[in-house]
file my_file_39.tsv (TSV, C-alpha atoms)
chain	number	residue	atom	x	y	z
G	12	MET	CA	-21.07	-55.64	-10.57
G	13	LYS	CA	-19.02	-52.60	-9.63
G	14	GLU	CA	-20.94	-49.38	-9.78
G	15	GLN	CA	-19.49	-46.86	-12.22
G	16	VAL	CA	-18.73	-43.45	-10.77
G	17	ASN	CA	-18.94	-40.47	-13.10
G	18	ILE	CA	-16.11	-38.05	-12.35
G	19	PRO	CA	-16.89	-34.55	-13.63
G	20	ASP	CA	-14.51	-33.26	-16.24
G	21	PRO	CA	-12.92	-30.01	-15.00
G	22	ASN	CA	-12.38	-28.85	-18.60
G	23	ARG	CA	-16.07	-29.08	-19.52
G	24	PHE	CA	-17.70	-25.66	-19.60
G	25	PRO	CA	-15.26	-24.01	-17.17
G	26	GLY	CA	-16.76	-20.60	-17.89
G	27	ARG	CA	-19.94	-21.49	-16.04
G	28	HIS	CA	-18.24	-20.68	-12.74
G	29	LEU	CA	-17.79	-17.06	-13.82
G	30	PHE	CA	-21.54	-16.50	-13.61
G	31	ARG	CA	-21.07	-16.42	-9.84
G	32	VAL	CA	-18.94	-13.30	-10.20
G	33	PHE	CA	-21.81	-10.87	-9.76
G	34	GLY	CA	-23.17	-12.53	-6.63
G	35	ILE	CA	-19.73	-12.48	-5.01
G	36	ALA	CA	-18.61	-9.06	-6.25
G	37	ILE	CA	-21.58	-7.18	-4.79
G	38	SER	CA	-20.51	-8.06	-1.27
G	39	VAL	CA	-20.53	-4.97	0.92
G	40	ARG	CA	-16.97	-5.56	2.09
G	41	GLN	CA	-15.65	-5.87	-1.45
G	42	ILE	CA	-17.48	-2.78	-2.70
G	43	VAL	CA	-16.19	-0.79	0.28
G	44	LEU	CA	-12.66	-1.92	-0.53
G	45	GLY	CA	-13.26	-1.01	-4.17
G	46	LEU	CA	-14.45	2.46	-3.17
G	47	LEU	CA	-11.39	2.95	-0.98
G	48	ALA	CA	-9.23	1.86	-3.91
G	49	ILE	CA	-10.92	4.44	-6.17
G	50	TYR	CA	-10.28	7.24	-3.66
G	51	VAL	CA	-6.65	6.17	-3.12
G	52	MET	CA	-6.03	6.01	-6.87
G	53	SER	CA	-7.65	9.42	-7.30
G	54	LEU	CA	-5.35	10.77	-4.61
G	55	GLY	CA	-2.34	9.39	-6.46
G	56	LYS	CA	-3.54	10.91	-9.72
G	57	TRP	CA	-4.01	14.30	-8.04
G	58	LEU	CA	-0.56	14.15	-6.49
G	59	GLY	CA	1.00	13.16	-9.80
G	60	GLU	CA	-0.73	15.96	-11.69
G	61	THR	CA	0.16	18.53	-9.02
G	62	VAL	CA	3.84	17.59	-9.00
G	63	THR	CA	3.97	17.39	-12.79
G	64	VAL	CA	2.30	20.76	-13.33
G	65	THR	CA	4.54	22.46	-10.75
G	66	THR	CA	7.70	20.90	-12.17
G	67	LYS	CA	6.64	21.77	-15.69
G	68	ARG	CA	5.97	25.43	-14.86
G	69	ASN	CA	9.30	25.76	-13.02
G	70	ALA	CA	11.18	24.17	-15.91
G	71	ILE	CA	9.52	26.44	-18.47
G	72	SER	CA	10.25	29.56	-16.43
G	73	VAL	CA	13.91	28.57	-15.92
G	74	LEU	CA	14.40	27.76	-19.59
G	75	ARG	CA	12.77	30.95	-20.82
G	76	ASN	CA	14.55	33.20	-18.33
G	77	ALA	CA	17.88	31.69	-19.38
G	78	ASP	CA	17.11	32.25	-23.08
G	79	SER	CA	17.58	28.56	-23.74
G	80	ASN	CA	17.08	26.74	-26.98
G	81	PRO	CA	13.38	26.86	-28.00
G	82	ALA	CA	13.55	23.15	-28.75
G	83	LEU	CA	14.05	22.45	-25.04
G	84	VAL	CA	10.98	24.48	-24.20
G	85	ASP	CA	8.99	22.55	-26.79
G	86	LEU	CA	10.23	19.30	-25.26
G	87	VAL	CA	8.95	20.31	-21.84
G	88	LEU	CA	5.66	21.49	-23.29
G	89	SER	CA	5.20	18.16	-25.04
G	90	SER	CA	5.06	16.25	-21.76
G	91	PRO	CA	1.62	14.70	-21.36
G	92	ILE	CA	0.00	16.16	-18.26
G	93	SER	CA	-3.49	15.00	-19.12
G	94	ARG	CA	-3.75	11.56	-20.71
G	95	ASP	CA	-7.07	12.03	-22.48
G	96	GLN	CA	-6.72	9.06	-24.79
G	97	ALA	CA	-5.64	6.77	-21.99
G	98	GLU	CA	-8.45	8.00	-19.76
G	99	SER	CA	-11.07	7.39	-22.46
G	100	ALA	CA	-9.74	3.87	-23.02
G	101	ALA	CA	-9.64	3.30	-19.26
G	102	ALA	CA	-13.27	4.42	-19.01
G	103	PHE	CA	-14.17	1.69	-21.50
G	104	MET	CA	-12.14	-0.89	-19.58
G	105	SER	CA	-13.38	0.21	-16.16
G	106	SER	CA	-15.97	-2.56	-16.06
G	107	THR	CA	-13.53	-5.34	-15.19
G	108	ALA	CA	-9.97	-4.45	-16.22
G	109	ARG	CA	-9.35	-0.96	-14.81
G	110	PRO	CA	-6.59	-1.89	-12.29
G	111	TRP	CA	-4.69	-3.90	-14.89
G	112	PHE	CA	-5.12	-1.26	-17.60
G	113	ASP	CA	-3.94	1.59	-15.38
G	114	LEU	CA	-0.81	-0.27	-14.36
G	115	VAL	CA	0.12	-1.52	-17.83
G	116	ALA	CA	-0.61	1.83	-19.52
G	117	SER	CA	1.56	3.69	-17.00
G	118	ALA	CA	4.37	1.15	-17.41
G	119	PHE	CA	4.21	1.56	-21.18
G	120	ASP	CA	4.38	5.35	-20.86
G	121	SER	CA	7.44	5.09	-18.61
G	122	VAL	CA	9.46	3.30	-21.32
G	123	ARG	CA	7.96	4.92	-24.43
G	124	THR	CA	10.74	6.35	-26.56
G	125	ASN	CA	8.82	9.41	-27.78
G	126	ASN	CA	7.83	10.44	-24.27
G	127	SER	CA	9.58	13.35	-22.56
G	128	PRO	CA	11.64	12.89	-19.35
G	129	LEU	CA	8.95	14.67	-17.35
G	130	GLY	CA	6.28	12.41	-18.82
G	131	ARG	CA	8.32	9.33	-18.01
G	132	THR	CA	8.77	10.47	-14.43
G	133	ARG	CA	5.04	10.99	-14.08
G	134	ALA	CA	4.33	7.56	-15.57
G	135	LEU	CA	6.86	5.94	-13.23
G	136	PHE	CA	5.15	7.59	-10.26
G	137	ASP	CA	1.81	6.22	-11.48
G	138	VAL	CA	3.30	2.74	-11.81
G	139	LEU	CA	4.66	2.78	-8.27
G	140	TRP	CA	1.48	4.21	-6.77
G	141	SER	CA	-0.86	1.86	-8.65
G	142	GLY	CA	1.32	-1.19	-8.07
G	143	VAL	CA	1.67	-0.69	-4.33
G	144	PHE	CA	-1.95	0.08	-3.51
G	145	SER	CA	-3.56	-2.16	-6.13
G	146	THR	CA	-1.63	-5.06	-4.63
G	147	PHE	CA	-3.07	-4.45	-1.17
G	148	PHE	CA	-6.67	-4.01	-2.28
G	149	GLY	CA	-6.33	-6.89	-4.73
G	150	LEU	CA	-5.12	-9.27	-2.03
G	151	ALA	CA	-7.97	-8.31	0.31
G	152	ILE	CA	-10.69	-8.58	-2.35
G	153	CYS	CA	-9.27	-11.82	-3.79
G	154	ARG	CA	-9.17	-13.37	-0.32
G	155	GLN	CA	-12.79	-12.46	0.30
G	156	ALA	CA	-13.78	-13.79	-3.13
G	157	ALA	CA	-11.91	-17.06	-2.58
G	158	ILE	CA	-13.63	-17.63	0.77
G	159	GLN	CA	-17.07	-16.96	-0.70
G	160	PHE	CA	-16.49	-19.00	-3.85
G	161	ALA	CA	-14.89	-22.03	-2.19
G	162	ARG	CA	-16.74	-22.18	1.14
G	163	ASN	CA	-19.85	-20.04	0.68
G	164	GLU	CA	-18.68	-18.12	3.72
G	165	SER	CA	-17.89	-14.48	4.34
G	166	GLY	CA	-14.73	-13.31	6.03
G	167	SER	CA	-14.78	-10.30	8.31
G	168	PHE	CA	-13.49	-6.94	7.11
G	169	ARG	CA	-10.71	-7.05	9.69
G	170	GLN	CA	-9.55	-10.51	8.62
G	171	ILE	CA	-9.29	-9.73	4.91
G	172	THR	CA	-7.57	-6.38	5.48
G	173	GLU	CA	-5.08	-7.97	7.87
G	174	PHE	CA	-4.50	-10.70	5.27
G	175	GLY	CA	-3.78	-8.06	2.62
G	176	LEU	CA	-1.37	-6.20	4.89
G	177	SER	CA	0.49	-9.34	5.99
G	178	ARG	CA	0.92	-10.61	2.39
G	179	TRP	CA	1.59	-7.18	0.88
G	180	SER	CA	5.30	-7.78	0.39
G	181	ARG	CA	4.65	-11.10	-1.37
G	182	GLY	CA	2.33	-9.45	-3.87
G	183	LEU	CA	4.95	-6.79	-4.61
G	184	VAL	CA	7.73	-9.35	-5.09
G	185	CYS	CA	5.80	-11.41	-7.67
G	186	PRO	CA	5.94	-8.97	-10.62
G	187	LEU	CA	9.32	-7.58	-9.54
G	188	ILE	CA	11.07	-10.91	-10.19
G	189	PRO	CA	10.49	-10.95	-13.99
G	190	LEU	CA	10.92	-7.18	-14.20
G	191	MET	CA	14.30	-7.37	-12.49
G	192	GLY	CA	15.28	-10.19	-14.82
G	193	ALA	CA	14.30	-8.08	-17.83
G	194	ALA	CA	16.26	-5.11	-16.45
G	195	ALA	CA	19.32	-7.32	-15.94
G	196	MET	CA	19.12	-8.52	-19.54
G	197	LEU	CA	18.74	-4.97	-20.83
G	198	LEU	CA	21.83	-3.98	-18.88
G	199	THR	CA	23.68	-6.98	-20.33
G	200	ILE	CA	22.71	-5.97	-23.86
G	201	SER	CA	23.94	-2.44	-23.23
G	202	VAL	CA	27.29	-3.69	-21.93
G	203	ILE	CA	27.76	-6.10	-24.84
G	204	ALA	CA	26.90	-3.33	-27.32
G	205	LEU	CA	29.57	-0.96	-25.94
G	206	PRO	CA	32.20	-2.07	-28.50
G	207	GLY	CA	29.83	-0.78	-31.17
G	208	ARG	CA	31.19	2.69	-30.40
G	209	VAL	CA	34.51	1.77	-32.03
G	210	PRO	CA	34.66	3.70	-35.33
G	211	ILE	CA	35.60	0.92	-37.75
G	212	LEU	CA	35.04	-2.41	-36.00
G	213	GLY	CA	31.83	-1.33	-34.25
G	214	GLN	CA	29.41	-2.31	-37.02
G	215	THR	CA	31.12	-5.68	-37.46
G	216	TRP	CA	30.84	-6.38	-33.73
G	217	LEU	CA	27.15	-5.46	-33.65
G	218	TRP	CA	26.47	-7.68	-36.67
G	219	CYS	CA	28.23	-10.64	-35.05
G	220	ALA	CA	26.46	-10.12	-31.72
G	221	SER	CA	23.01	-9.59	-33.25
G	222	PRO	CA	21.86	-13.22	-32.62
G	223	LEU	CA	22.66	-12.74	-28.93
G	224	PHE	CA	20.75	-9.46	-28.89
G	225	LEU	CA	17.75	-11.13	-30.53
G	226	THR	CA	17.80	-13.99	-28.02
G	227	CYS	CA	17.91	-11.57	-25.12
G	228	GLY	CA	15.07	-9.58	-26.69
G	229	ILE	CA	12.88	-12.69	-26.87
G	230	ALA	CA	13.66	-13.52	-23.24
G	231	ILE	CA	12.84	-9.94	-22.19
G	232	THR	CA	9.52	-10.12	-24.04
G	233	ILE	CA	8.62	-13.38	-22.25
G	234	LEU	CA	9.51	-11.90	-18.87
G	235	LEU	CA	7.44	-8.77	-19.51
G	236	LEU	CA	4.48	-10.87	-20.66
G	237	ALA	CA	4.81	-13.01	-17.54
G	238	ALA	CA	4.68	-9.87	-15.40
G	239	ALA	CA	1.84	-8.15	-17.28
G	240	VAL	CA	-0.43	-11.07	-18.15
G	241	GLY	CA	0.13	-13.05	-14.98
G	242	TRP	CA	-0.10	-10.19	-12.46
G	243	PRO	CA	-3.81	-10.74	-11.58
G	244	LEU	CA	-3.23	-14.49	-11.27
G	245	MET	CA	-0.23	-13.86	-9.01
G	246	ILE	CA	-2.39	-11.89	-6.58
G	247	ALA	CA	-5.12	-14.54	-6.76
G	248	ALA	CA	-2.56	-17.31	-6.11
G	249	ILE	CA	-1.27	-15.61	-2.96
G	250	ALA	CA	-4.84	-14.97	-1.75
G	251	SER	CA	-6.06	-18.51	-2.46
G	252	ASP	CA	-3.03	-20.68	-1.66
G	253	ASP	CA	-1.10	-18.35	0.69
G	254	CYS	CA	2.13	-18.91	-1.23
G	255	ASP	CA	5.20	-16.71	-1.36
G	256	GLY	CA	6.16	-14.35	-4.16
G	257	PHE	CA	8.21	-16.81	-6.23
G	258	SER	CA	5.55	-19.54	-5.95
G	259	GLY	CA	2.85	-17.07	-6.96
G	260	LEU	CA	4.86	-16.16	-10.06
G	261	SER	CA	5.54	-19.78	-11.02
G	262	ARG	CA	1.94	-20.86	-10.46
G	263	SER	CA	0.45	-18.06	-12.50
G	264	TYR	CA	2.93	-18.66	-15.33
G	265	SER	CA	2.29	-22.42	-15.37
G	266	LEU	CA	-1.47	-21.93	-15.41
G	267	TRP	CA	-1.85	-19.47	-18.27
G	268	THR	CA	0.84	-21.16	-20.35
G	269	GLY	CA	-0.53	-24.64	-19.61
G	270	ARG	CA	-4.04	-23.70	-20.73
G	271	PRO	CA	-3.61	-20.58	-22.90
G	272	PHE	CA	-6.82	-20.96	-24.91
G	273	GLN	CA	-8.86	-21.70	-21.81
G	274	ALA	CA	-7.33	-18.69	-20.06
G	275	VAL	CA	-8.21	-16.43	-22.99
G	276	SER	CA	-11.75	-17.78	-23.14
G	277	LEU	CA	-12.26	-17.29	-19.41
G	278	ALA	CA	-10.92	-13.73	-19.60
G	279	THR	CA	-13.27	-13.01	-22.52
G	280	VAL	CA	-16.28	-14.33	-20.64
G	281	ALA	CA	-15.28	-12.35	-17.54
G	282	LEU	CA	-14.90	-9.18	-19.61
G	283	ALA	CA	-18.33	-9.68	-21.19
G	284	ILE	CA	-20.02	-10.32	-17.84
G	285	GLY	CA	-18.26	-7.39	-16.21
G	286	SER	CA	-19.15	-5.03	-19.05
G	287	GLY	CA	-22.80	-6.03	-18.83
G	288	VAL	CA	-22.88	-5.59	-15.06
G	289	HIS	CA	-21.10	-2.24	-15.38
G	290	PHE	CA	-23.61	-1.01	-17.97
G	291	ILE	CA	-26.66	-2.09	-15.96
G	292	ALA	CA	-25.28	-0.66	-12.70
G	293	THR	CA	-24.49	2.66	-14.36
G	294	LEU	CA	-27.93	2.85	-15.95
G	295	VAL	CA	-29.80	1.95	-12.77
G	296	LEU	CA	-27.83	4.15	-10.35
G	297	HIS	CA	-27.72	7.24	-12.56
G	298	GLY	CA	-31.37	6.73	-13.44
G	299	THR	CA	-32.22	6.57	-9.75
G	300	VAL	CA	-30.48	9.90	-9.11
G	301	ASP	CA	-32.18	11.57	-12.09
G	302	MET	CA	-35.58	10.28	-11.06
G	303	THR	CA	-35.07	11.46	-7.49
G	304	VAL	CA	-34.05	14.93	-8.69
G	305	LEU	CA	-37.12	15.07	-10.93
G	306	PHE	CA	-39.53	14.27	-8.10
G	307	VAL	CA	-37.75	16.65	-5.71
G	308	LYS	CA	-38.17	19.47	-8.20
G	309	PHE	CA	-41.80	18.49	-8.69
G	310	GLY	CA	-42.45	18.63	-4.95
G	311	ALA	CA	-40.31	21.64	-4.04
G	312	GLY	CA	-41.16	23.69	-7.08
G	313	ALA	CA	-39.67	24.28	-10.49
G	314	GLY	CA	-37.50	27.11	-9.18
G	315	THR	CA	-35.61	24.83	-6.79
G	316	SER	CA	-31.94	24.54	-7.67
G	317	ILE	CA	-30.47	21.20	-6.65
G	318	GLU	CA	-28.03	20.78	-9.52
G	319	ARG	CA	-25.07	20.97	-7.13
G	320	ILE	CA	-26.49	18.19	-4.97
G	321	ALA	CA	-27.34	16.15	-8.06
G	322	ALA	CA	-23.79	16.58	-9.40
G	323	ASP	CA	-22.36	15.35	-6.09
G	324	TYR	CA	-24.60	12.31	-6.16
G	325	HIS	CA	-23.69	11.56	-9.77
G	326	ARG	CA	-20.01	11.79	-8.82
G	327	PHE	CA	-20.58	9.39	-5.94
G	328	VAL	CA	-22.40	7.03	-8.31
G	329	GLU	CA	-19.41	7.11	-10.65
G	330	ASN	CA	-17.11	6.19	-7.77
G	331	LEU	CA	-19.51	3.48	-6.63
G	332	VAL	CA	-19.61	1.95	-10.11
G	333	GLY	CA	-15.81	2.17	-10.24
G	334	GLY	CA	-15.56	0.36	-6.91
G	335	LEU	CA	-17.90	-2.32	-8.24
G	336	GLY	CA	-15.66	-2.61	-11.30
G	337	ILE	CA	-12.58	-3.19	-9.13
G	338	SER	CA	-14.48	-5.81	-7.13
G	339	LEU	CA	-15.54	-7.50	-10.39
G	340	PHE	CA	-11.97	-7.51	-11.69
G	341	TRP	CA	-10.36	-9.17	-8.67
G	342	THR	CA	-13.30	-11.56	-8.16
G	343	SER	CA	-13.01	-12.66	-11.79
G	344	ALA	CA	-9.24	-13.08	-11.40
G	345	THR	CA	-9.78	-15.31	-8.35
G	346	ILE	CA	-12.34	-17.53	-10.05
G	347	ILE	CA	-10.22	-17.78	-13.21
G	348	TYR	CA	-7.24	-18.81	-11.10
G	349	LEU	CA	-9.19	-21.50	-9.23
G	350	VAL	CA	-10.68	-22.86	-12.47
G	351	LEU	CA	-7.30	-22.97	-14.22
G	352	ARG	CA	-5.75	-24.57	-11.14
G	353	GLN	CA	-8.39	-27.30	-11.24
G	354	SER	CA	-7.82	-27.83	-14.95
G	355	VAL	CA	-4.00	-27.96	-14.78
G	356	ASP	CA	-3.27	-29.35	-11.30
G	357	LEU	CA	-6.57	-31.22	-10.72
G	358	MET	CA	-7.06	-29.44	-7.41
G	359	PRO	CA	-10.63	-29.04	-6.15
G	360	LEU	CA	-12.22	-25.63	-6.39
G	361	GLU	CA	-13.12	-25.79	-2.70
G	362	GLN	CA	-9.51	-26.14	-1.58
G	363	ILE	CA	-7.98	-22.87	-0.40
G	364	ALA	CA	-5.42	-22.08	2.26
G	365	PRO	CA	-6.78	-21.59	5.78
G	366	SER	CA	-6.78	-18.15	7.30
G	367	ASP	CA	-4.46	-17.14	10.10
G	368	ALA	CA	-7.24	-17.61	12.67
G	369	GLU	CA	-7.86	-21.19	11.46
G	370	ARG	CA	-4.27	-22.32	11.78
G	371	PRO	CA	-3.42	-24.38	14.90
G	372	VAL	CA	-1.42	-22.61	17.55
G	373	ARG	CA	2.05	-24.06	17.87
G	374	ASP	CA	4.36	-23.99	20.86
G	375	PRO	CA	7.31	-21.85	19.74
G	376	LEU	CA	9.69	-23.79	22.04
G	377	PRO	CA	8.56	-27.44	22.15
G	378	VAL	CA	9.80	-29.57	25.02
G	379	VAL	CA	12.36	-32.14	23.87
G	380	GLY	CA	14.03	-34.94	25.76
G	381	MET	CA	12.80	-37.79	27.93
G	382	PRO	CA	9.01	-37.98	28.25
G	383	ALA	CA	7.46	-37.92	31.70
G	384	VAL	CA	6.73	-41.30	33.33
G	385	ASP	CA	4.49	-42.07	36.25
G	386	VAL	CA	7.12	-43.90	38.36
G	387	ASP	CA	9.32	-43.14	41.33
G	388	PRO	CA	12.61	-41.67	40.02
G	389	GLU	CA	14.72	-43.48	42.68
G	390	LYS	CA	13.19	-46.90	41.91
G	391	TRP	CA	13.53	-46.28	38.18
G	392	MET	CA	17.24	-45.35	38.45
G	393	THR	CA	17.92	-48.36	40.77
G	394	LYS	CA	16.25	-50.72	38.32
G	395	ARG	CA	18.21	-49.27	35.39
G	396	TRP	CA	21.52	-49.61	37.32
G	397	THR	CA	20.75	-53.24	38.23
G	398	ASN	CA	19.88	-54.14	34.62
G	399	SER	CA	23.08	-52.55	33.36
G	400	ARG	CA	25.14	-54.80	35.68
call {"tool": "encode", "arguments": {"input": "my_file_39.tsv", "output": "structure tokens"}}
result
Amino acid sequence: MKEQVNIPDPNRFPGRHLFRVFGIAISVRQIVLGLLAIYVMSLGKWLGETVTVTTKRNAISVLRNADSNPALVDLVLSSPISRDQAESAAAFMSSTARPWFDLVASAFDSVRTNNSPLGRTRALFDVLWSGVFSTFFGLAICRQAAIQFARNESGSFRQITEFGLSRWSRGLVCPLIPLMGAAAMLLTISVIALPGRVPILGQTWLWCASPLFLTCGIAITILLLAAAVGWPLMIAAIASDDCDGFSGLSRSYSLWTGRPFQAVSLATVALAIGSGVHFIATLVLHGTVDMTVLFVKFGAGAGTSIERIAADYHRFVENLVGGLGISLFWTSATIIYLVLRQSVDLMPLEQIAPSDAERPVRDPLPVVGMPAVDVDPEKWMTKRWTNSR
């Protein structure tokens, strides 16, 4: 009698793998990369605010000195220098989704119709800065998470950073492909709508071309969703399978569209786990600083003033928690990608692309032609000549 083999169903409780997120995300290398990402993003925010404030002051002074229309001055004043609402929402999402939220919020501000030109320029700068540097740190952290999740190994800091640098261009190309497609369609709509400027026949032309406009609008929406929703999976695909930009885009799109409900459920579980970890880490670290300050004051005397030192430590704790949040986000994205890949493509969770050091060394110029033989060349040529006769 043939023994029955029970093959585990990859779709059964896929969220259980996400409970390994915390153990992988607290790796020292990943937290260090998360901290570096926080400082780099803070530098970009400072540069953006500095340039925006300087440009805004110069524009106001030029407009007022020229006795311009007060409406223009009000337009410049309405540019959002400080995004308080966005920052408060980002603070809530900082547990697991801060990199994605920052990028999507800045992209939305850059195309918002009621935003001023100065505000759009600032948002575009934020998009470029966040996209470029989030891609590098995301690739490095995702690679480290994939190695730990699939092999229970730990890559060196040099290896994962070199991996992020060498695949940087691929990660940037992935979201640019659908964005460039959406931009091309928007340009096409603008060109087709040009006859609408004709005084009498313009409205008739726009009414006749409205189905085409609607079709292009649906296609643009799909492309933007593919870029926004699939961006974390694109980075995880490049880090796990070492694919190029177009393959990363196609794989991420096929995964979250092939299993949409499973993708949403995994993202929900990851958000819940990350929020819980973020809350506990914040409570423990800030509580540790407060307790230390209390005992220092008790030992050194009530008149000791260490508020400045305590504020610096609390600021460092905030950055540390933010770095942990970035590590949680990219680790969750990697595990979600591997689980969806197993569910859709039936690929094992343990299968990831080898690193550059594990690849076999190839001869760049292989020797081609007649293989070497252990015979006398003169005898071999004489024998060949005799046989030919």
call {"tool": "atom_distance", "arguments": {"input": "my_file_39.tsv", "atom1": "atom CA of G:Ser343", "atom2": "atom CA of G:Gly149"}}
result
11.3 Å
call {"tool": "residues_around", "arguments": {"input": "my_file_39.tsv", "residues": "G:Asp253", "least_positions_apart": "5", "cutoff": "10 Å", "atoms": "all atoms listed in the file", "output": "list in words"}}
result
Arg154, Phe174, Arg178, Arg181, Ile246, Ala247, Ala248, Ser258, Gly259, Ile363, Ala364, Pro365 and Ser366 of chain G
call {"tool": "atom_distance", "arguments": {"input": "my_file_39.tsv", "atom1": "atom CA of G:Leu357", "atom2": "atom CA of G:Ala238"}}
result
24.6 Å
call {"tool": "residues_around", "arguments": {"input": "my_file_39.tsv", "residues": "G:Ile320", "least_positions_apart": "4", "cutoff": "12 Å", "atoms": "only C-alpha atoms", "output": "list of chain:residue names"}}
result
G:Val300, G:Asp301, G:Thr303, G:Val304, G:Val307, G:Thr315, G:Ser316, G:Tyr324, G:His325, G:Arg326, G:Phe327
call {"tool": "closest_residue", "arguments": {"input": "my_file_39.tsv", "among": "G:Ala321, G:Ala108, G:Val350, G:Leu114", "to": "G:Ser276", "atoms": "all atoms listed in the file"}}
result
G:Val350
call {"tool": "residues_around", "arguments": {"input": "my_file_39.tsv", "residues": "G:Trp242", "least_positions_apart": "5", "cutoff": "8 Å", "atoms": "only C-alpha atoms", "output": "list in words"}}
result
Cys185, Pro186, Ala237 and Ser263 of chain G
call {"tool": "write_last_selection", "arguments": {"input": "my_file_39.tsv", "atoms": "C-alpha atoms", "output": "compact mmCIF listing (two decimals), in the frame of the given file"}}
result
# COMPACT_ATOMS: atom_id res chain seq x y z
CA CYS G 185 5.80 -11.41 -7.67
CA PRO G 186 5.94 -8.97 -10.62
CA ALA G 237 4.81 -13.01 -17.54
CA SER G 263 0.45 -18.06 -12.50
call {"tool": "closest_residue", "arguments": {"input": "my_file_39.tsv", "among": "G:Phe340, G:Ala204, G:Asp323, G:Ala193", "to": "G:Gly285", "atoms": "all atoms listed in the file"}}
result
G:Phe340
call {"tool": "closest_residue", "arguments": {"input": "my_file_39.tsv", "among": "G:Ser180, G:Gln155, G:Thr215, G:Ser53", "to": "G:Asp137", "atoms": "only C-alpha atoms"}}
result
G:Ser53
call {"tool": "closest_residue", "arguments": {"input": "my_file_39.tsv", "among": "G:Ile158, G:Ala134, G:Ala48, G:Met245", "to": "G:Leu360", "atoms": "only C-alpha atoms"}}
result
G:Ile158
call {"tool": "residues_around", "arguments": {"input": "my_file_39.tsv", "residues": "G:Leu187", "least_positions_apart": "5", "cutoff": "10 Å", "atoms": "all atoms listed in the file", "output": "list in words"}}
result
Gly182, Gly192, Ala193, Ala238, Gly256, Phe257 and Leu260 of chain G
call {"tool": "closest_residue", "arguments": {"input": "my_file_39.tsv", "among": "G:Asp356, G:Arg262, G:Leu197, G:Thr279", "to": "G:Ala230", "atoms": "only C-alpha atoms"}}
result
G:Leu197
call {"tool": "residues_around", "arguments": {"input": "my_file_39.tsv", "residues": "G:Gly228", "least_positions_apart": "2", "cutoff": "12 Å", "atoms": "all atoms listed in the file", "output": "list in words"}}
result
Gly192, Ala193, Ala194, Ala195, Met196, Leu197, Leu198, Thr199, Ile200, Ser201, Ser221, Pro222, Leu223, Phe224, Leu225, Thr226, Ala230, Ile231, Thr232, Ile233, Leu234 and Leu235 of chain G
call {"tool": "atom_distance", "arguments": {"input": "my_file_39.tsv", "atom1": "atom CA of G:Tyr264", "atom2": "atom CA of G:Ala118"}}
result
20.0 Å
call {"tool": "closest_atom_pairs", "arguments": {"input": "my_file_39.tsv", "of": "stretch 99-206 of chain G", "to": "stretch 22-44 of chain G", "cutoff": "9 Å", "atoms": "all atoms listed in the file", "output": "Markdown table"}}
result
| residue | atom | partner | partner_atom | distance |
| --- | --- | --- | --- | --- |
| G:Phe148 | CA | G:Leu44 | CA | 6.6 |
| G:Ala151 | CA | G:Leu44 | CA | 8.0 |
| G:Ile152 | CA | G:Gln41 | CA | 5.7 |
| G:Gln155 | CA | G:Gln41 | CA | 7.4 |
| G:Ala156 | CA | G:Ile35 | CA | 6.4 |
| G:Gln159 | CA | G:Ile35 | CA | 6.8 |
| G:Phe160 | CA | G:Ile35 | CA | 7.4 |
| G:Ser165 | CA | G:Ser38 | CA | 8.9 |
| G:Gly166 | CA | G:Arg40 | CA | 9.0 |
| G:Ser167 | CA | G:Arg40 | CA | 8.1 |
| G:Phe168 | CA | G:Arg40 | CA | 6.3 |
